[in-house]
Amino acid sequence: MESDEAQGTIPFQLQFDKPIASQVLSLSLSPSLSSRSHFKSRPLKQVKISEWNPEKDLLAMVTEDSKILLHRFNWQRLWTVSPGRCITSLCWRPDGKAIAVGLEDGTISLHDVENGKLLRSIKSHHMAVVCLSWVEDGQPIGDESENFLTYEDRTARFFPPAPRVPRMPGLGAGDTGFMDDNDDSFQVSNSSHQRFNILCSGDKDGSICFTIFGIFPIGKINIHEVSIHTPSLEKETTYRLQNASICKVALSKNLCELVVLCFGELVQDKVDLKDKCTYKHDSSVGLHSVLLSTSIFRNRKNELHQVAQQASNIEDLIEVVRASLPLMHKQWSDAMHTFHEKFDSLSPLINDHGLDSTSQEEFLSLLGGARTSPPIHQFLVSSLGEGLKRVAKAVDSAGKELHLIIREHLQPATEIIGFRIGELKGLSRWRARYQSIGLDENLIHNATEKAGMLLVQVERFLRVLAGVTYQFQNFFAWLTRCVKVLMSEPIDQLPVFNSELVVIFLKFLYEHDPVRQLLENSEANQNIEIDLDTAQRVEELVRFGGFLDTEYLRRTLAKEFEQMEYSFKEAFSMPFTTISKRIHCEDLLPLYPFSSSPIYSPLHVPTSVSFYEDVLTDASTYHAPGHSLVDYICFRIPNDSSSDTSSSIGIVRGFMHDSSCIEKGKTSLEAVLICIPDGYQCVDLALYKERQIVLLLDETTMAFESPGKAWLMIVQTSNLPFVSISRSSSPNLWKLHELKGSTVNLRMEDGKVRCIPHSVTSPLAVSASRGVACVFASRRRALVYILEEDEDEDEVSDAE
């Protein structure tokens with residue numbers, strides 16, 4: 001193969017050639033090095049996924065053992081994260097501040113670019129997430145002249161910054177997995193200043209999920225449920241996919257179309273309109289392209305942005321409440337365990353002395369001034385003694401910790417939840433705009449009432465907690481005085497106590513725990529006993545809020561939270577269901593066939609989908625009016641394909657608007673085949689900016705002892721002889737051999753070429769914004785090339 005390099009010129013500058021290694025801290029046992037540690041470089045597994053950050057000079061890589069590595073352009077390692085599960089896909093948020101990671105168990109986790117910290121995990125799928133596409137609307141909300149809708153998130157006007165998830169006392173910020181209160185890390189739910197964006201994810205079972213900002217689920221569709229119908233006078237044919245596995249999803253920049261590439265079987269079901277019989281007809285196995293209409297995201301982006309903004313922030317606040325309740329339960333349970341560990345020993349002492357009284361009766365007898373019984377004397381002087389201070393401190397500390405969690409986390413989170421759902425309630429009344437996206441006024445009203453009732457229950461719990469802790473303090477003050485009297489010690493400096501409150505404590509709180517009861521997720525058969533003042537205050541709050549609930553005294557705080565959380569899920573499921581129904585199939589195009597059903601890993605099949613602004617002079621011939629984007633689908637036809645055009649590269653453009661053109665008797669679909677020369681194979685490919693394609697070729701015929709070589713090449717698609725593809729109104733397997741007469745034989749003079757003195761492996765990571773490409777050699781080395789150079793810059797060759 002003759003190239004520019006053979007003629008003495010090198011098109012791409014090699015920025016660096018670095019080994020992929022991890023720095024592992026190793027302690028040396030050598031006497032001369034015993035006072036210090038040193039680092040050893042340990043090779044990592046092969047890289048299987050790599051993606052450049054769209055805004056910064058950062059490269060994220062995933063190794064075969066599912067570690068995420070983030071490197072700067074100078075190859076400085078910033079962080080390494082291991083989620084503990086197999087990573088199957090990766091993509092950046094459009095602004096580069098977060099990275100989405102698809103896992104084998106169907107989870108999508110979002111990580112902060114600054115430190116790799118886990119920001120959010122969403123279980124959107126039941127199978128492995130094999131592909132991700134995160135696209136930002138190219139036009140900010142408010143730039144359109146029509147359908148303009150202004151909206152301001154007013155929460156910051158009335159509330160301080162939202163509370164964080166509480167941490168267990170005594171633990172550092174990194175010990176819990178939650179963010180520290182002083183952590184300035186990027187907040188994934190801070191969508192106030194984000195452009196509207198959609199994260200699309202596809203799994204190996206054919207399901208595609210859509211989430212706004214990567215955190216608010218807004219729709220789902222399964223590729224097996226989509227179909228194309230072609231009715232005629234005598235029969236109706238339905239084309240559908242079965243046993244399909246998604247390998248790539250790509251959402252257009254205008255959010256109107258989603259191109260899905262999948263392997264599977266295309267089945268034709270024919271219905272005879274005369275006898276109403278259905279016949280399973282032809283089927284073909286291969287790679288297919290499916291076009292889904294997602295125009296609802298574009299048409300209702302303002303409304304969806306506002307709903308997602310409120311809902312995602314509510315979900316963060318619900319997480320604060322969810323984490324606060326068990327933490328409060330544990331804190332109080334530990335204190336009560338300490339209390340009962342000491343005071344439960346009194347009952348056996350009473351039995352040992354042959355008495356049939358209870359502990360409360362013995363304490364009441366002591367309070368009444370009667371003679372101190374032997375078991376009480378022994379308990380106070382010997383068993384309890386100095387342990388009384390420890391018990392009193394444990395209960396007092398737990399009361400303060402619970403009060404702190406409520407004031408700094410639980411209560412402000414509940415208040416902001418109530419405000420935000422109130423904002424959504426106002427939007428839901430604008431039926432003309434929000435009913436079409438499923439914002440149901442009745443469901444939002446129910447969620448608003450549940451949020452209000454939770455705030456009432458928080459106030460109720462605060463009052464109960466304050467009353468109980470004061471009762472405990474009074475009881476301990478009385479016991480301390482009793483112990484001092486029995487031990488003939490001065491009592492002048494001791495705090496005073498209230499005898500009536502001691503009686504109330506012994507009757508209602510010694511064996512009953514209303515604080516713990518309110519923190520448990522249960523519903524009582526009768527009202528939970530609280531003081532009259534608290535009951536009256538709660539009743540006033542319920543009347544003031546206009547709530548219709550009359551069973552609130554039977555519910556605990558935890559049960560109220562459970563009901564509120566359910567009401568929110570119910571309310572937010574309606575937009576999810578509504579949007580899912582608005583996503584439908586527009587077109588289906590078989591790309592190339594297989595002789596039999598293959599078992600392919602989508603990660604190992606070179607495919608690429610991209611969308612470019614339509615600037616060609618003849619663009620009107622292959623796109624529908626009103627559209628300014630042209631789609632390009634690029635794929636490698638494998639050697640074992642049933643087509644006689646194997647070992648070729650196919651490029652299809654205009655698929656996105658072809659169905660609308662067919663209705664007008666035109667076609668926008670064009671294609672071209674590029675034949676790879678003998679002795680080479682296409683390892684990977686990527687569509688690049690300005691309608692260019694980057695190819696990574698590897699030698700297949702090399703001597704036994706000679707080192708392998710590879711080639712990095714850029715081909716201008718504008719120079720390729722695209723052929724118009726005629727299609728009927730129904731999907732049909734257009735024959736690749738029909739393009740064979742116009743197949744382009746790949747030659748090195750067709751584009752810029754760089755020889756790589758190593759055998760290479762996938763993936764090929766290309767950054768259109770930075771103009772660089774990262775190639776991974778088989779010797780676990782990474783080579784970064786600059787694809788675009790200044791004309792005055794000298795060419796630099798490999799330094800081997």
# chains A, B, ... in the order shown; residues from 1 in each chain; ligands from 1
>>> residues_around(residues="Glu386 (chain A)", least_positions_apart="2", cutoff="12 Å", atoms="only C-alpha atoms", output="PyMOL selection string")
chain A and resi 342+379-384+388-393+479-480+483-484+487
>>> residues_around(residues="Val605 (chain A)", least_positions_apart="3", cutoff="12 Å", atoms="only C-alpha atoms", output="list in words")
Ile246, Cys247, Lys248, Leu261, Cys262, Phe263, Leu287, Pro598, Ile599, Tyr600, Ser601, Pro602, Ser608, Cys634, Phe635, Arg636, Ile637, Pro638, Asn639, Ile649, Cys682, Val683, Asp684, Leu685, Ala686, Ser762, Pro763 and Leu764 of chain A
>>> closest_residue(among="A:Thr717, A:Phe576, A:Lys253, A:His758", to="Glu613 (chain A)", atoms="only C-alpha atoms")
A:Lys253
>>> closest_residue(among="A:Leu14, A:Leu199, A:Leu455, A:Cys209", to="Arg754 (chain A)", atoms="only C-alpha atoms")
A:Leu14
>>> residues_around(residues="Arg429 (chain A)", least_positions_apart="6", cutoff="12 Å", atoms="only C-alpha atoms", output="ChimeraX atom specification")
/A:422-423,435,438-445
>>> write_last_selection(atoms="all heavy atoms", output="PDB file, in the first residue's frame")
ATOM      1  N   GLY A 422     -45.570  21.675  45.154  1.00  0.00           N
ATOM      2  CA  GLY A 422     -46.557  22.734  44.979  1.00  0.00           C
ATOM      3  C   GLY A 422     -46.371  23.462  43.660  1.00  0.00           C
ATOM      4  O   GLY A 422     -47.345  23.844  42.996  1.00  0.00           O
ATOM      5  N   GLU A 423     -45.114  23.662  43.246  1.00  0.00           N
ATOM      6  CA  GLU A 423     -44.842  24.255  41.949  1.00  0.00           C
ATOM      7  C   GLU A 423     -45.358  23.365  40.818  1.00  0.00           C
ATOM      8  O   GLU A 423     -45.932  23.843  39.841  1.00  0.00           O
ATOM      9  CB  GLU A 423     -43.333  24.482  41.785  1.00  0.00           C
ATOM     10  CG  GLU A 423     -42.737  25.499  42.756  1.00  0.00           C
ATOM     11  CD  GLU A 423     -43.052  26.925  42.338  1.00  0.00           C
ATOM     12  OE1 GLU A 423     -42.267  27.509  41.587  1.00  0.00           O
ATOM     13  OE2 GLU A 423     -44.101  27.439  42.778  1.00  0.00           O
ATOM     14  N   GLN A 435     -50.811  18.439  30.255  1.00  0.00           N
ATOM     15  CA  GLN A 435     -51.553  17.188  30.188  1.00  0.00           C
ATOM     16  C   GLN A 435     -51.018  16.298  29.083  1.00  0.00           C
ATOM     17  O   GLN A 435     -51.066  15.070  29.175  1.00  0.00           O
ATOM     18  CB  GLN A 435     -53.039  17.480  29.966  1.00  0.00           C
ATOM     19  CG  GLN A 435     -53.954  16.331  30.355  1.00  0.00           C
ATOM     20  CD  GLN A 435     -55.412  16.743  30.342  1.00  0.00           C
ATOM     21  OE1 GLN A 435     -55.862  17.435  29.433  1.00  0.00           O
ATOM     22  NE2 GLN A 435     -56.159  16.339  31.354  1.00  0.00           N
ATOM     23  N   GLY A 438     -48.402  14.033  30.370  1.00  0.00           N
ATOM     24  CA  GLY A 438     -48.792  13.117  31.436  1.00  0.00           C
ATOM     25  C   GLY A 438     -48.723  13.671  32.840  1.00  0.00           C
ATOM     26  O   GLY A 438     -48.759  12.889  33.804  1.00  0.00           O
ATOM     27  N   LEU A 439     -48.645  14.979  33.004  1.00  0.00           N
ATOM     28  CA  LEU A 439     -48.638  15.551  34.346  1.00  0.00           C
ATOM     29  C   LEU A 439     -50.086  15.616  34.828  1.00  0.00           C
ATOM     30  O   LEU A 439     -50.816  16.556  34.521  1.00  0.00           O
ATOM     31  CB  LEU A 439     -47.988  16.935  34.335  1.00  0.00           C
ATOM     32  CG  LEU A 439     -47.567  17.485  35.700  1.00  0.00           C
ATOM     33  CD1 LEU A 439     -46.484  16.615  36.319  1.00  0.00           C
ATOM     34  CD2 LEU A 439     -47.056  18.920  35.566  1.00  0.00           C
ATOM     35  N   ASP A 440     -50.499  14.605  35.589  1.00  0.00           N
ATOM     36  CA  ASP A 440     -51.890  14.460  36.004  1.00  0.00           C
ATOM     37  C   ASP A 440     -52.185  15.328  37.219  1.00  0.00           C
ATOM     38  O   ASP A 440     -51.510  15.231  38.246  1.00  0.00           O
ATOM     39  CB  ASP A 440     -52.187  12.995  36.324  1.00  0.00           C
ATOM     40  CG  ASP A 440     -53.648  12.744  36.590  1.00  0.00           C
ATOM     41  OD1 ASP A 440     -54.386  12.485  35.626  1.00  0.00           O
ATOM     42  OD2 ASP A 440     -54.047  12.824  37.764  1.00  0.00           O
ATOM     43  N   GLU A 441     -53.199  16.177  37.108  1.00  0.00           N
ATOM     44  CA  GLU A 441     -53.511  17.117  38.184  1.00  0.00           C
ATOM     45  C   GLU A 441     -53.941  16.407  39.460  1.00  0.00           C
ATOM     46  O   GLU A 441     -53.541  16.797  40.569  1.00  0.00           O
ATOM     47  CB  GLU A 441     -54.614  18.068  37.715  1.00  0.00           C
ATOM     48  CG  GLU A 441     -54.943  19.168  38.728  1.00  0.00           C
ATOM     49  CD  GLU A 441     -55.987  20.130  38.210  1.00  0.00           C
ATOM     50  OE1 GLU A 441     -56.409  19.994  37.046  1.00  0.00           O
ATOM     51  OE2 GLU A 441     -56.382  21.036  38.977  1.00  0.00           O
ATOM     52  N   ASN A 442     -54.719  15.351  39.358  1.00  0.00           N
ATOM     53  CA  ASN A 442     -55.196  14.638  40.552  1.00  0.00           C
ATOM     54  C   ASN A 442     -54.058  13.926  41.274  1.00  0.00           C
ATOM     55  O   ASN A 442     -53.984  13.955  42.506  1.00  0.00           O
ATOM     56  CB  ASN A 442     -56.288  13.638  40.161  1.00  0.00           C
ATOM     57  CG  ASN A 442     -57.551  14.313  39.663  1.00  0.00           C
ATOM     58  OD1 ASN A 442     -57.881  15.417  40.097  1.00  0.00           O
ATOM     59  ND2 ASN A 442     -58.247  13.668  38.742  1.00  0.00           N
ATOM     60  N   LEU A 443     -53.182  13.277  40.505  1.00  0.00           N
ATOM     61  CA  LEU A 443     -52.058  12.582  41.128  1.00  0.00           C
ATOM     62  C   LEU A 443     -51.084  13.563  41.781  1.00  0.00           C
ATOM     63  O   LEU A 443     -50.555  13.293  42.870  1.00  0.00           O
ATOM     64  CB  LEU A 443     -51.332  11.731  40.085  1.00  0.00           C
ATOM     65  CG  LEU A 443     -52.117  10.547  39.514  1.00  0.00           C
ATOM     66  CD1 LEU A 443     -51.301   9.833  38.446  1.00  0.00           C
ATOM     67  CD2 LEU A 443     -52.510   9.572  40.626  1.00  0.00           C
ATOM     68  N   ILE A 444     -50.840  14.685  41.130  1.00  0.00           N
ATOM     69  CA  ILE A 444     -49.960  15.693  41.721  1.00  0.00           C
ATOM     70  C   ILE A 444     -50.604  16.285  42.974  1.00  0.00           C
ATOM     71  O   ILE A 444     -49.925  16.540  43.980  1.00  0.00           O
ATOM     72  CB  ILE A 444     -49.650  16.801  40.693  1.00  0.00           C
ATOM     73  CG1 ILE A 444     -48.822  16.229  39.528  1.00  0.00           C
ATOM     74  CG2 ILE A 444     -48.898  17.946  41.344  1.00  0.00           C
ATOM     75  CD1 ILE A 444     -47.446  15.740  39.926  1.00  0.00           C
ATOM     76  N   HIS A 445     -51.926  16.488  42.955  1.00  0.00           N
ATOM     77  CA  HIS A 445     -52.623  16.986  44.137  1.00  0.00           C
ATOM     78  C   HIS A 445     -52.484  16.005  45.297  1.00  0.00           C
ATOM     79  O   HIS A 445     -52.246  16.412  46.455  1.00  0.00           O
ATOM     80  CB  HIS A 445     -54.097  17.221  43.825  1.00  0.00           C
ATOM     81  CG  HIS A 445     -54.911  17.600  45.025  1.00  0.00           C
ATOM     82  ND1 HIS A 445     -54.889  18.859  45.586  1.00  0.00           N
ATOM     83  CD2 HIS A 445     -55.768  16.859  45.811  1.00  0.00           C
ATOM     84  CE1 HIS A 445     -55.689  18.895  46.646  1.00  0.00           C
ATOM     85  NE2 HIS A 445     -56.226  17.692  46.800  1.00  0.00           N
TER      86      HIS A 445
END
>>> decode(residues="region 297-311 of chain A", atoms="all heavy atoms", output="PDB file, in the first residue's frame")
ATOM      1  N   PHE A 297     -39.743  14.906  22.533  1.00  0.00           N
ATOM      2  CA  PHE A 297     -38.711  15.565  23.336  1.00  0.00           C
ATOM      3  C   PHE A 297     -38.444  16.981  22.837  1.00  0.00           C
ATOM      4  O   PHE A 297     -38.189  17.883  23.646  1.00  0.00           O
ATOM      5  CB  PHE A 297     -37.410  14.756  23.304  1.00  0.00           C
ATOM      6  CG  PHE A 297     -37.518  13.407  23.941  1.00  0.00           C
ATOM      7  CD1 PHE A 297     -36.894  12.304  23.382  1.00  0.00           C
ATOM      8  CD2 PHE A 297     -38.245  13.227  25.105  1.00  0.00           C
ATOM      9  CE1 PHE A 297     -36.990  11.058  23.964  1.00  0.00           C
ATOM     10  CE2 PHE A 297     -38.350  11.979  25.688  1.00  0.00           C
ATOM     11  CZ  PHE A 297     -37.728  10.895  25.120  1.00  0.00           C
ATOM     12  N   ARG A 298     -38.501  17.157  21.537  1.00  0.00           N
ATOM     13  CA  ARG A 298     -38.268  18.490  20.971  1.00  0.00           C
ATOM     14  C   ARG A 298     -39.497  19.375  21.117  1.00  0.00           C
ATOM     15  O   ARG A 298     -39.393  20.545  21.501  1.00  0.00           O
ATOM     16  CB  ARG A 298     -37.915  18.346  19.475  1.00  0.00           C
ATOM     17  CG  ARG A 298     -37.626  19.663  18.778  1.00  0.00           C
ATOM     18  CD  ARG A 298     -36.352  20.281  19.300  1.00  0.00           C
ATOM     19  NE  ARG A 298     -36.020  21.512  18.615  1.00  0.00           N
ATOM     20  CZ  ARG A 298     -34.943  22.230  18.887  1.00  0.00           C
ATOM     21  NH1 ARG A 298     -34.112  21.837  19.816  1.00  0.00           N
ATOM     22  NH2 ARG A 298     -34.700  23.337  18.231  1.00  0.00           N
ATOM     23  N   ASN A 299     -40.650  18.807  20.820  1.00  0.00           N
ATOM     24  CA  ASN A 299     -41.876  19.607  20.838  1.00  0.00           C
ATOM     25  C   ASN A 299     -42.270  20.048  22.239  1.00  0.00           C
ATOM     26  O   ASN A 299     -42.896  21.096  22.415  1.00  0.00           O
ATOM     27  CB  ASN A 299     -43.021  18.816  20.207  1.00  0.00           C
ATOM     28  CG  ASN A 299     -42.757  18.484  18.748  1.00  0.00           C
ATOM     29  OD1 ASN A 299     -41.989  19.171  18.079  1.00  0.00           O
ATOM     30  ND2 ASN A 299     -43.370  17.416  18.262  1.00  0.00           N
ATOM     31  N   ARG A 300     -41.927  19.244  23.252  1.00  0.00           N
ATOM     32  CA  ARG A 300     -42.317  19.542  24.630  1.00  0.00           C
ATOM     33  C   ARG A 300     -41.105  19.665  25.554  1.00  0.00           C
ATOM     34  O   ARG A 300     -41.177  19.346  26.734  1.00  0.00           O
ATOM     35  CB  ARG A 300     -43.264  18.455  25.152  1.00  0.00           C
ATOM     36  CG  ARG A 300     -44.606  18.413  24.424  1.00  0.00           C
ATOM     37  CD  ARG A 300     -45.385  19.685  24.668  1.00  0.00           C
ATOM     38  NE  ARG A 300     -46.682  19.694  23.976  1.00  0.00           N
ATOM     39  CZ  ARG A 300     -47.507  20.732  23.990  1.00  0.00           C
ATOM     40  NH1 ARG A 300     -47.154  21.836  24.624  1.00  0.00           N
ATOM     41  NH2 ARG A 300     -48.654  20.662  23.354  1.00  0.00           N
ATOM     42  N   LYS A 301     -40.005  20.152  24.978  1.00  0.00           N
ATOM     43  CA  LYS A 301     -38.786  20.210  25.789  1.00  0.00           C
ATOM     44  C   LYS A 301     -38.908  21.208  26.934  1.00  0.00           C
ATOM     45  O   LYS A 301     -38.351  20.992  28.013  1.00  0.00           O
ATOM     46  CB  LYS A 301     -37.573  20.542  24.919  1.00  0.00           C
ATOM     47  CG  LYS A 301     -37.577  21.949  24.338  1.00  0.00           C
ATOM     48  CD  LYS A 301     -36.256  22.246  23.650  1.00  0.00           C
ATOM     49  CE  LYS A 301     -36.217  23.665  23.120  1.00  0.00           C
ATOM     50  NZ  LYS A 301     -34.926  24.012  22.524  1.00  0.00           N
ATOM     51  N   ASN A 302     -39.626  22.302  26.736  1.00  0.00           N
ATOM     52  CA  ASN A 302     -39.805  23.268  27.821  1.00  0.00           C
ATOM     53  C   ASN A 302     -40.536  22.638  28.996  1.00  0.00           C
ATOM     54  O   ASN A 302     -40.103  22.732  30.146  1.00  0.00           O
ATOM     55  CB  ASN A 302     -40.586  24.486  27.316  1.00  0.00           C
ATOM     56  CG  ASN A 302     -39.827  25.280  26.286  1.00  0.00           C
ATOM     57  OD1 ASN A 302     -38.806  25.890  26.567  1.00  0.00           O
ATOM     58  ND2 ASN A 302     -40.321  25.261  25.057  1.00  0.00           N
ATOM     59  N   GLU A 303     -41.658  21.983  28.703  1.00  0.00           N
ATOM     60  CA  GLU A 303     -42.449  21.365  29.762  1.00  0.00           C
ATOM     61  C   GLU A 303     -41.681  20.219  30.431  1.00  0.00           C
ATOM     62  O   GLU A 303     -41.679  20.092  31.659  1.00  0.00           O
ATOM     63  CB  GLU A 303     -43.767  20.841  29.195  1.00  0.00           C
ATOM     64  CG  GLU A 303     -44.704  21.929  28.691  1.00  0.00           C
ATOM     65  CD  GLU A 303     -44.410  22.374  27.273  1.00  0.00           C
ATOM     66  OE1 GLU A 303     -43.358  21.990  26.735  1.00  0.00           O
ATOM     67  OE2 GLU A 303     -45.233  23.099  26.685  1.00  0.00           O
ATOM     68  N   LEU A 304     -41.025  19.411  29.616  1.00  0.00           N
ATOM     69  CA  LEU A 304     -40.264  18.288  30.169  1.00  0.00           C
ATOM     70  C   LEU A 304     -39.099  18.779  31.018  1.00  0.00           C
ATOM     71  O   LEU A 304     -38.770  18.189  32.051  1.00  0.00           O
ATOM     72  CB  LEU A 304     -39.759  17.400  29.030  1.00  0.00           C
ATOM     73  CG  LEU A 304     -40.826  16.603  28.281  1.00  0.00           C
ATOM     74  CD1 LEU A 304     -40.224  15.932  27.059  1.00  0.00           C
ATOM     75  CD2 LEU A 304     -41.465  15.564  29.192  1.00  0.00           C
ATOM     76  N   HIS A 305     -38.456  19.859  30.579  1.00  0.00           N
ATOM     77  CA  HIS A 305     -37.345  20.428  31.336  1.00  0.00           C
ATOM     78  C   HIS A 305     -37.816  20.860  32.726  1.00  0.00           C
ATOM     79  O   HIS A 305     -37.156  20.591  33.744  1.00  0.00           O
ATOM     80  CB  HIS A 305     -36.748  21.610  30.576  1.00  0.00           C
ATOM     81  CG  HIS A 305     -35.540  22.213  31.228  1.00  0.00           C
ATOM     82  ND1 HIS A 305     -35.615  23.093  32.278  1.00  0.00           N
ATOM     83  CD2 HIS A 305     -34.223  22.050  30.967  1.00  0.00           C
ATOM     84  CE1 HIS A 305     -34.401  23.457  32.640  1.00  0.00           C
ATOM     85  NE2 HIS A 305     -33.537  22.844  31.862  1.00  0.00           N
ATOM     86  N   GLN A 306     -38.946  21.518  32.790  1.00  0.00           N
ATOM     87  CA  GLN A 306     -39.440  22.021  34.077  1.00  0.00           C
ATOM     88  C   GLN A 306     -39.864  20.883  35.007  1.00  0.00           C
ATOM     89  O   GLN A 306     -39.557  20.890  36.198  1.00  0.00           O
ATOM     90  CB  GLN A 306     -40.593  22.982  33.833  1.00  0.00           C
ATOM     91  CG  GLN A 306     -40.162  24.256  33.126  1.00  0.00           C
ATOM     92  CD  GLN A 306     -41.230  24.817  32.228  1.00  0.00           C
ATOM     93  OE1 GLN A 306     -42.412  24.534  32.403  1.00  0.00           O
ATOM     94  NE2 GLN A 306     -40.835  25.607  31.250  1.00  0.00           N
ATOM     95  N   VAL A 307     -40.565  19.905  34.459  1.00  0.00           N
ATOM     96  CA  VAL A 307     -40.990  18.771  35.274  1.00  0.00           C
ATOM     97  C   VAL A 307     -39.783  17.979  35.767  1.00  0.00           C
ATOM     98  O   VAL A 307     -39.696  17.608  36.936  1.00  0.00           O
ATOM     99  CB  VAL A 307     -41.955  17.872  34.476  1.00  0.00           C
ATOM    100  CG1 VAL A 307     -42.248  16.584  35.244  1.00  0.00           C
ATOM    101  CG2 VAL A 307     -43.251  18.612  34.187  1.00  0.00           C
ATOM    102  N   ALA A 308     -38.834  17.732  34.870  1.00  0.00           N
ATOM    103  CA  ALA A 308     -37.643  16.976  35.260  1.00  0.00           C
ATOM    104  C   ALA A 308     -36.809  17.738  36.275  1.00  0.00           C
ATOM    105  O   ALA A 308     -36.215  17.143  37.184  1.00  0.00           O
ATOM    106  CB  ALA A 308     -36.800  16.659  34.023  1.00  0.00           C
ATOM    107  N   GLN A 309     -36.742  19.041  36.134  1.00  0.00           N
ATOM    108  CA  GLN A 309     -35.979  19.858  37.082  1.00  0.00           C
ATOM    109  C   GLN A 309     -36.543  19.722  38.488  1.00  0.00           C
ATOM    110  O   GLN A 309     -35.797  19.511  39.451  1.00  0.00           O
ATOM    111  CB  GLN A 309     -36.010  21.313  36.630  1.00  0.00           C
ATOM    112  CG  GLN A 309     -35.287  22.278  37.565  1.00  0.00           C
ATOM    113  CD  GLN A 309     -35.323  23.696  37.045  1.00  0.00           C
ATOM    114  OE1 GLN A 309     -35.187  23.925  35.854  1.00  0.00           O
ATOM    115  NE2 GLN A 309     -35.525  24.657  37.918  1.00  0.00           N
ATOM    116  N   GLN A 310     -37.860  19.837  38.617  1.00  0.00           N
ATOM    117  CA  GLN A 310     -38.477  19.711  39.939  1.00  0.00           C
ATOM    118  C   GLN A 310     -38.393  18.264  40.440  1.00  0.00           C
ATOM    119  O   GLN A 310     -38.050  18.016  41.599  1.00  0.00           O
ATOM    120  CB  GLN A 310     -39.938  20.160  39.884  1.00  0.00           C
ATOM    121  CG  GLN A 310     -40.140  21.626  39.535  1.00  0.00           C
ATOM    122  CD  GLN A 310     -39.659  22.568  40.632  1.00  0.00           C
ATOM    123  OE1 GLN A 310     -39.213  22.143  41.695  1.00  0.00           O
ATOM    124  NE2 GLN A 310     -39.741  23.861  40.375  1.00  0.00           N
ATOM    125  N   ALA A 311     -38.697  17.311  39.563  1.00  0.00           N
ATOM    126  CA  ALA A 311     -38.738  15.915  39.987  1.00  0.00           C
ATOM    127  C   ALA A 311     -37.370  15.393  40.400  1.00  0.00           C
ATOM    128  O   ALA A 311     -37.251  14.651  41.382  1.00  0.00           O
ATOM    129  CB  ALA A 311     -39.315  15.053  38.864  1.00  0.00           C
TER     130      ALA A 311
END
